[in-house]
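> Pasting a structure below so you can have a look.
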Amino acid sequence: MGASRDMKKIRLGKTGLKVTKIGFGGIPIQTPPEETAIRIVQESLDLGINFIDTSRMYTCSEERIGKAIAGRREDLVIATKSASRTGEAVAADLETSLKNLRTGYIDLYQFHNVSSEENLQAVLAPGGPYEVVRKARDAGKVRHIGITSHRLSVAKESLLTDCFETVMVGLNFVNTEAAEELLPL
């Protein structure tokens, strides 16, 4: 348990949340047997990781994470996503995520793969996904709202709307444009 005290934490976007610099991504736990996937999540938490990112798009990931975090929810920052582009569909996705993750709230709810101007406009449309999630935030079901994108120009535009507290993009030693162009914003 000493590892958790040593794990470096950073501020997550504009949320004010402090998350471990290394987070747990929920994509890989779709493939192993459920017991193995649950153990992988629990071992990550035992090592001190407090940030878990998943998505409705990651098949059984949310359900497995929900089982793995039983009794440990208060120490975690959980992010999940919806790729839906209508208010009604996002509302359904949010309720499913809450049920799957076995929690009463999502720390960071993200609009997934908003990688075109049309997608961004659909998310921000009156009565659309953003409005639904904003109301869920006001009701305590969501604490913070973010966006993910695979297109830097759309990610930059989303930040200029001032609607989102986080933006997730690809950033690595080959793809450095986000560090140069997005982080300064």
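Every chain in the structure tokens has a letter given in the order shown (A, B, ...), and although residue numbers restart at 1 in each chain, ligands are simply numbered from 1 in the order shown.
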Please provide the set of residues having any atom within 12 Å of A:Ala91, restricted to only C-alpha atoms, with same-chain residues fewer than 5 positions apart removed, written as a compact mmCIF listing (two decimals) with N, CA, C and O atoms, in the first residue's frame.


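Everything below was put into part.txt:
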```txt
# COMPACT_ATOMS: atom_id res chain seq x y z
N LYS A 81 -17.26 7.29 -21.25
CA LYS A 81 -17.57 8.06 -22.44
C LYS A 81 -18.79 7.50 -23.15
O LYS A 81 -19.11 6.33 -23.02
N SER A 82 -19.39 8.38 -23.95
CA SER A 82 -20.46 7.98 -24.86
C SER A 82 -20.14 8.51 -26.24
O SER A 82 -19.75 9.67 -26.39
N ALA A 83 -20.34 7.67 -27.25
CA ALA A 83 -20.16 8.10 -28.64
C ALA A 83 -21.49 8.50 -29.26
O ALA A 83 -21.54 8.84 -30.44
N SER A 84 -22.56 8.47 -28.48
CA SER A 84 -23.88 8.84 -29.01
C SER A 84 -23.94 10.32 -29.32
O SER A 84 -23.27 11.13 -28.68
N ARG A 85 -24.78 10.69 -30.27
CA ARG A 85 -24.85 12.08 -30.72
C ARG A 85 -26.24 12.69 -30.59
O ARG A 85 -26.50 13.76 -31.13
N THR A 86 -27.12 12.02 -29.83
CA THR A 86 -28.42 12.62 -29.52
C THR A 86 -28.56 12.66 -28.00
O THR A 86 -27.97 11.84 -27.29
N THR A 96 -26.82 3.54 -18.23
CA THR A 96 -26.19 2.22 -18.34
C THR A 96 -24.81 2.23 -17.69
O THR A 96 -24.45 1.29 -16.97
N SER A 97 -24.06 3.28 -17.91
CA SER A 97 -22.72 3.39 -17.30
C SER A 97 -22.81 3.40 -15.78
O SER A 97 -22.02 2.73 -15.09
N LEU A 98 -23.74 4.17 -15.24
CA LEU A 98 -23.90 4.22 -13.78
C LEU A 98 -24.21 2.83 -13.23
O LEU A 98 -23.65 2.41 -12.21
N TYR A 109 -17.46 12.60 -17.32
CA TYR A 109 -18.22 12.03 -18.42
C TYR A 109 -17.78 12.73 -19.70
O TYR A 109 -17.80 13.95 -19.78
N PHE A 111 -17.59 13.02 -24.07
CA PHE A 111 -18.16 12.75 -25.39
C PHE A 111 -17.03 12.16 -26.21
O PHE A 111 -15.99 12.78 -26.40
N GLY A 127 -30.80 20.84 -26.65
CA GLY A 127 -31.46 19.60 -26.31
C GLY A 127 -30.62 18.37 -26.58
O GLY A 127 -31.09 17.24 -26.40
N GLY A 128 -29.39 18.57 -26.99
CA GLY A 128 -28.51 17.47 -27.37
C GLY A 128 -27.69 16.92 -26.22
O GLY A 128 -27.96 17.17 -25.04
N PRO A 129 -26.66 16.15 -26.56
CA PRO A 129 -25.85 15.46 -25.56
C PRO A 129 -25.27 16.36 -24.47
O PRO A 129 -25.35 16.02 -23.29
N TYR A 130 -24.69 17.49 -24.84
CA TYR A 130 -24.08 18.35 -23.82
C TYR A 130 -25.12 18.83 -22.82
O TYR A 130 -24.89 18.80 -21.61
N GLU A 131 -26.27 19.24 -23.32
CA GLU A 131 -27.32 19.74 -22.43
C GLU A 131 -27.79 18.64 -21.47
O GLU A 131 -28.01 18.88 -20.28
N VAL A 132 -27.92 17.42 -21.96
CA VAL A 132 -28.33 16.29 -21.13
C VAL A 132 -27.30 16.04 -20.02
O VAL A 132 -27.64 15.86 -18.85
N VAL A 133 -26.02 16.04 -20.38
CA VAL A 133 -24.97 15.76 -19.40
C VAL A 133 -24.82 16.93 -18.43
O VAL A 133 -24.57 16.72 -17.24
N ARG A 134 -25.01 18.14 -18.90
CA ARG A 134 -24.96 19.31 -18.00
C ARG A 134 -26.05 19.19 -16.94
O ARG A 134 -25.83 19.43 -15.75
N LYS A 135 -27.25 18.77 -17.35
CA LYS A 135 -28.36 18.57 -16.40
C LYS A 135 -28.03 17.43 -15.43
O LYS A 135 -28.36 17.49 -14.25
N ALA A 136 -27.39 16.38 -15.95
CA ALA A 136 -26.97 15.27 -15.08
C ALA A 136 -25.92 15.75 -14.08
O ALA A 136 -25.92 15.32 -12.92
N ARG A 137 -25.06 16.66 -14.51
CA ARG A 137 -24.08 17.24 -13.59
C ARG A 137 -24.79 18.03 -12.50
O ARG A 137 -24.49 17.89 -11.31
N LYS A 141 -25.17 13.40 -10.90
CA LYS A 141 -24.82 12.13 -11.53
C LYS A 141 -23.47 12.20 -12.25
O LYS A 141 -22.86 11.17 -12.54
N VAL A 142 -23.04 13.39 -12.57
CA VAL A 142 -21.78 13.64 -13.26
C VAL A 142 -21.10 14.80 -12.53
O VAL A 142 -21.77 15.77 -12.16
```

> What lies within 9 Å of A:Lys14 using only C-alpha atoms, ignoring chain neighbours under 2 positions off, as an MDAnalysis selection string?

chainID A and resid 11:12 16:17 164:166

> May I ask which of the residues A:Ser115, A:Gln121, A:Gln110, A:Asn175 is the closest one to A:Ser153, counting only C-alpha atoms?

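Closest residue, counting only C-alpha atoms: A:Ser115.
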
> May I ask which of the residues A:Glu157, A:Glu34, A:Asp46, A:Glu180 is the closest one to A:Lys67, counting only C-alpha atoms?

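The shortest atom-to-atom distance to A:Lys67 comes from A:Glu34.
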
> At what distance in Å, to one decimal, does atom CA of A:His144 lie from atom CA of A:Pro28?

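Going from atom CA of A:Pro28 over to atom CA of A:His144 covers 24.6 Å.
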
> Please list as a VMD selection string every residue within 8 Å of A:Ser55, counting only C-alpha atoms and excluding residues in the same chain fewer than 4 positions away.

chain A and resid 26 61 to 62 79 to 82

> Can I get the selected residues back with N, CA and C atoms, as a JSON list (two decimals), in the first residue's frame?


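Full text of part16.json as output:
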```json
[["chain", "number", "residue", "atom", "x", "y", "z"],
["A", 26, "GLY", "N", -9.42, 1.21, -19.80],
["A", 26, "GLY", "CA", -10.29, 0.05, -19.77],
["A", 26, "GLY", "C", -10.39, -0.78, -21.04],
["A", 61, "SER", "N", -16.09, -3.71, -20.48],
["A", 61, "SER", "CA", -15.14, -3.02, -19.62],
["A", 61, "SER", "C", -15.80, -2.37, -18.41],
["A", 62, "GLU", "N", -16.88, -1.63, -18.62],
["A", 62, "GLU", "CA", -17.53, -0.96, -17.49],
["A", 62, "GLU", "C", -18.00, -1.97, -16.44],
["A", 79, "ALA", "N", -13.69, 7.86, -15.17],
["A", 79, "ALA", "CA", -14.09, 8.53, -16.40],
["A", 79, "ALA", "C", -14.69, 7.48, -17.33],
["A", 80, "THR", "N", -15.79, 7.85, -17.98],
["A", 80, "THR", "CA", -16.34, 7.01, -19.02],
["A", 80, "THR", "C", -16.83, 7.91, -20.14],
["A", 81, "LYS", "N", -17.26, 7.29, -21.25],
["A", 81, "LYS", "CA", -17.57, 8.06, -22.44],
["A", 81, "LYS", "C", -18.79, 7.50, -23.15],
["A", 82, "SER", "N", -19.39, 8.38, -23.95],
["A", 82, "SER", "CA", -20.46, 7.98, -24.86],
["A", 82, "SER", "C", -20.14, 8.51, -26.24]]
```

> If we count only C-alpha atoms and set the cut-off at 9 Å, which residues sit around A:Cys163, ignoring sequence neighbours fewer than 4 positions away in its own chain? Please answer as number ranges by chain.

A: 124, 130, 145-146, 158-159

> Could you please take those selected residues and save N, CA and C atoms as a CSV table (one decimal), in the first residue's frame?


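Saved result, selection.csv, follows:
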```
chain,number,residue,atom,x,y,z
A,124,LEU,N,-23.2,19.8,-29.1
A,124,LEU,CA,-23.5,21.1,-28.5
A,124,LEU,C,-24.9,21.5,-28.9
A,130,TYR,N,-24.7,17.5,-24.8
A,130,TYR,CA,-24.1,18.3,-23.8
A,130,TYR,C,-25.1,18.8,-22.8
A,145,ILE,N,-17.3,17.4,-17.1
A,145,ILE,CA,-17.6,17.1,-18.5
A,145,ILE,C,-16.4,17.3,-19.4
A,146,GLY,N,-16.1,16.3,-20.2
A,146,GLY,CA,-15.0,16.3,-21.1
A,146,GLY,C,-15.3,15.8,-22.5
A,158,SER,N,-13.1,22.7,-29.6
A,158,SER,CA,-13.9,22.3,-28.4
A,158,SER,C,-13.5,23.1,-27.2
A,159,LEU,N,-12.2,23.3,-27.0
A,159,LEU,CA,-11.7,24.0,-25.9
A,159,LEU,C,-12.2,25.5,-25.9
```

> Give the strand (DSSP E) residues of chain A, as DSSP finds them on the backbone, and put them as a PDB file with C-alpha atoms, in the first residue's frame.


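The file below, out-v1.pdb, is the result:
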```pdb
ATOM      1  CA  LYS A   9      -0.628  12.959  -8.859  1.00  0.00           C
ATOM      2  CA  ILE A  10      -1.455  15.707 -11.322  1.00  0.00           C
ATOM      3  CA  ARG A  11      -4.430  18.000 -11.908  1.00  0.00           C
ATOM      4  CA  LYS A  18      -5.957  15.038  -8.563  1.00  0.00           C
ATOM      5  CA  VAL A  19      -5.249  11.853 -10.466  1.00  0.00           C
ATOM      6  CA  THR A  20      -2.265   9.581 -10.609  1.00  0.00           C
ATOM      7  CA  PHE A  24      -5.851   2.693 -15.969  1.00  0.00           C
ATOM      8  CA  GLY A  25      -7.357   2.425 -19.468  1.00  0.00           C
ATOM      9  CA  PHE A  51      -7.775   7.177 -12.295  1.00  0.00           C
ATOM     10  CA  ILE A  52      -9.798   4.726 -14.389  1.00  0.00           C
ATOM     11  CA  ASP A  53     -10.898   5.518 -17.947  1.00  0.00           C
ATOM     12  CA  VAL A  77     -11.685   9.098 -10.216  1.00  0.00           C
ATOM     13  CA  ILE A  78     -13.752   7.304 -12.835  1.00  0.00           C
ATOM     14  CA  ALA A  79     -14.094   8.525 -16.405  1.00  0.00           C
ATOM     15  CA  THR A  80     -16.336   7.009 -19.022  1.00  0.00           C
ATOM     16  CA  LYS A  81     -17.569   8.056 -22.440  1.00  0.00           C
ATOM     17  CA  SER A  82     -20.463   7.977 -24.859  1.00  0.00           C
ATOM     18  CA  ILE A 106     -19.316   9.546 -12.798  1.00  0.00           C
ATOM     19  CA  ASP A 107     -16.367  11.826 -12.027  1.00  0.00           C
ATOM     20  CA  LEU A 108     -15.684  12.670 -15.678  1.00  0.00           C
ATOM     21  CA  TYR A 109     -18.224  12.031 -18.418  1.00  0.00           C
ATOM     22  CA  GLN A 110     -16.761  12.466 -21.892  1.00  0.00           C
ATOM     23  CA  PHE A 111     -18.161  12.747 -25.391  1.00  0.00           C
ATOM     24  CA  VAL A 142     -21.777  13.644 -13.263  1.00  0.00           C
ATOM     25  CA  ARG A 143     -19.092  15.788 -11.655  1.00  0.00           C
ATOM     26  CA  HIS A 144     -17.170  17.022 -14.723  1.00  0.00           C
ATOM     27  CA  ILE A 145     -17.625  17.077 -18.506  1.00  0.00           C
ATOM     28  CA  GLY A 146     -14.961  16.344 -21.100  1.00  0.00           C
ATOM     29  CA  ILE A 147     -14.445  15.439 -24.717  1.00  0.00           C
ATOM     30  CA  THR A 148     -12.179  13.110 -26.697  1.00  0.00           C
ATOM     31  CA  THR A 166     -10.908  18.068 -20.194  1.00  0.00           C
ATOM     32  CA  VAL A 167      -9.929  17.073 -23.692  1.00  0.00           C
ATOM     33  CA  MET A 168      -8.369  13.694 -24.472  1.00  0.00           C
TER      34      MET A 168
END
```

> For A:Asn100, which of A:Glu177, A:Glu63, A:Asp162, A:Glu43 is the closest residue, counting only C-alpha atoms?

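Between A:Glu177, A:Glu63, A:Asp162, A:Glu43, the residue approaching A:Asn100 most closely is A:Glu63.
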
> Compile the contact shell of A:Ile29 as number ranges by chain: residues with an atom at most 8 Å away, counting only C-alpha atoms, same-chain residues fewer than 4 positions apart removed.

A: 37, 40, 61, 64

> Just write the chosen residues, N, CA and C atoms, as a tab-separated table (two decimals), in the first residue's frame.


```tsv
chain	number	residue	atom	x	y	z
A	37	ALA	N	-9.56	-10.10	-15.56
A	37	ALA	CA	-9.76	-8.65	-15.77
A	37	ALA	C	-10.00	-7.94	-14.45
A	40	ILE	N	-6.79	-7.69	-12.55
A	40	ILE	CA	-5.89	-6.68	-13.14
A	40	ILE	C	-6.27	-5.29	-12.63
A	61	SER	N	-16.09	-3.71	-20.48
A	61	SER	CA	-15.14	-3.02	-19.62
A	61	SER	C	-15.80	-2.37	-18.41
A	64	ARG	N	-16.88	-4.96	-15.75
A	64	ARG	CA	-15.74	-5.55	-15.05
A	64	ARG	C	-15.13	-4.56	-14.07
```

> Applying 9 Å and only C-alpha atoms, which residues near A:Leu182 remain after dropping the ones on its own chain fewer than 3 positions away? List them as a list in words.

Leu152, Ala155, Lys156, Leu159, Glu177, Ala178, Ala179 and Leu185 of chain A

> Just N, CA, C and O atoms for this one: save the residues we selected as a PDB file, in the first residue's frame.


```
ATOM      1  N   LEU A 152      -6.961  17.142 -34.056  1.00  0.00           N
ATOM      2  CA  LEU A 152      -6.460  18.251 -33.258  1.00  0.00           C
ATOM      3  C   LEU A 152      -7.258  19.532 -33.469  1.00  0.00           C
ATOM      4  O   LEU A 152      -7.561  20.248 -32.511  1.00  0.00           O
ATOM      5  N   ALA A 155     -10.423  19.298 -31.472  1.00  0.00           N
ATOM      6  CA  ALA A 155     -10.110  19.386 -30.041  1.00  0.00           C
ATOM      7  C   ALA A 155      -9.860  20.832 -29.634  1.00  0.00           C
ATOM      8  O   ALA A 155     -10.352  21.295 -28.601  1.00  0.00           O
ATOM      9  N   LYS A 156      -9.104  21.551 -30.451  1.00  0.00           N
ATOM     10  CA  LYS A 156      -8.837  22.967 -30.159  1.00  0.00           C
ATOM     11  C   LYS A 156     -10.129  23.775 -30.184  1.00  0.00           C
ATOM     12  O   LYS A 156     -10.377  24.594 -29.298  1.00  0.00           O
ATOM     13  N   LEU A 159     -12.201  23.287 -27.039  1.00  0.00           N
ATOM     14  CA  LEU A 159     -11.707  24.050 -25.888  1.00  0.00           C
ATOM     15  C   LEU A 159     -12.180  25.499 -25.921  1.00  0.00           C
ATOM     16  O   LEU A 159     -12.457  26.088 -24.878  1.00  0.00           O
ATOM     17  N   GLU A 177       1.991  16.971 -31.762  1.00  0.00           N
ATOM     18  CA  GLU A 177       1.291  18.208 -32.078  1.00  0.00           C
ATOM     19  C   GLU A 177       0.415  18.692 -30.927  1.00  0.00           C
ATOM     20  O   GLU A 177       0.330  19.898 -30.684  1.00  0.00           O
ATOM     21  N   ALA A 178      -0.222  17.767 -30.213  1.00  0.00           N
ATOM     22  CA  ALA A 178      -1.095  18.173 -29.108  1.00  0.00           C
ATOM     23  C   ALA A 178      -0.311  18.922 -28.028  1.00  0.00           C
ATOM     24  O   ALA A 178      -0.801  19.907 -27.483  1.00  0.00           O
ATOM     25  N   ALA A 179       0.901  18.472 -27.743  1.00  0.00           N
ATOM     26  CA  ALA A 179       1.723  19.142 -26.733  1.00  0.00           C
ATOM     27  C   ALA A 179       2.087  20.553 -27.191  1.00  0.00           C
ATOM     28  O   ALA A 179       2.122  21.494 -26.389  1.00  0.00           O
ATOM     29  N   LEU A 185      -3.353  25.950 -24.782  1.00  0.00           N
ATOM     30  CA  LEU A 185      -4.720  26.481 -24.654  1.00  0.00           C
ATOM     31  C   LEU A 185      -5.316  26.123 -23.305  1.00  0.00           C
ATOM     32  O   LEU A 185      -6.213  26.737 -22.821  1.00  0.00           O
TER      33      LEU A 185
END
```
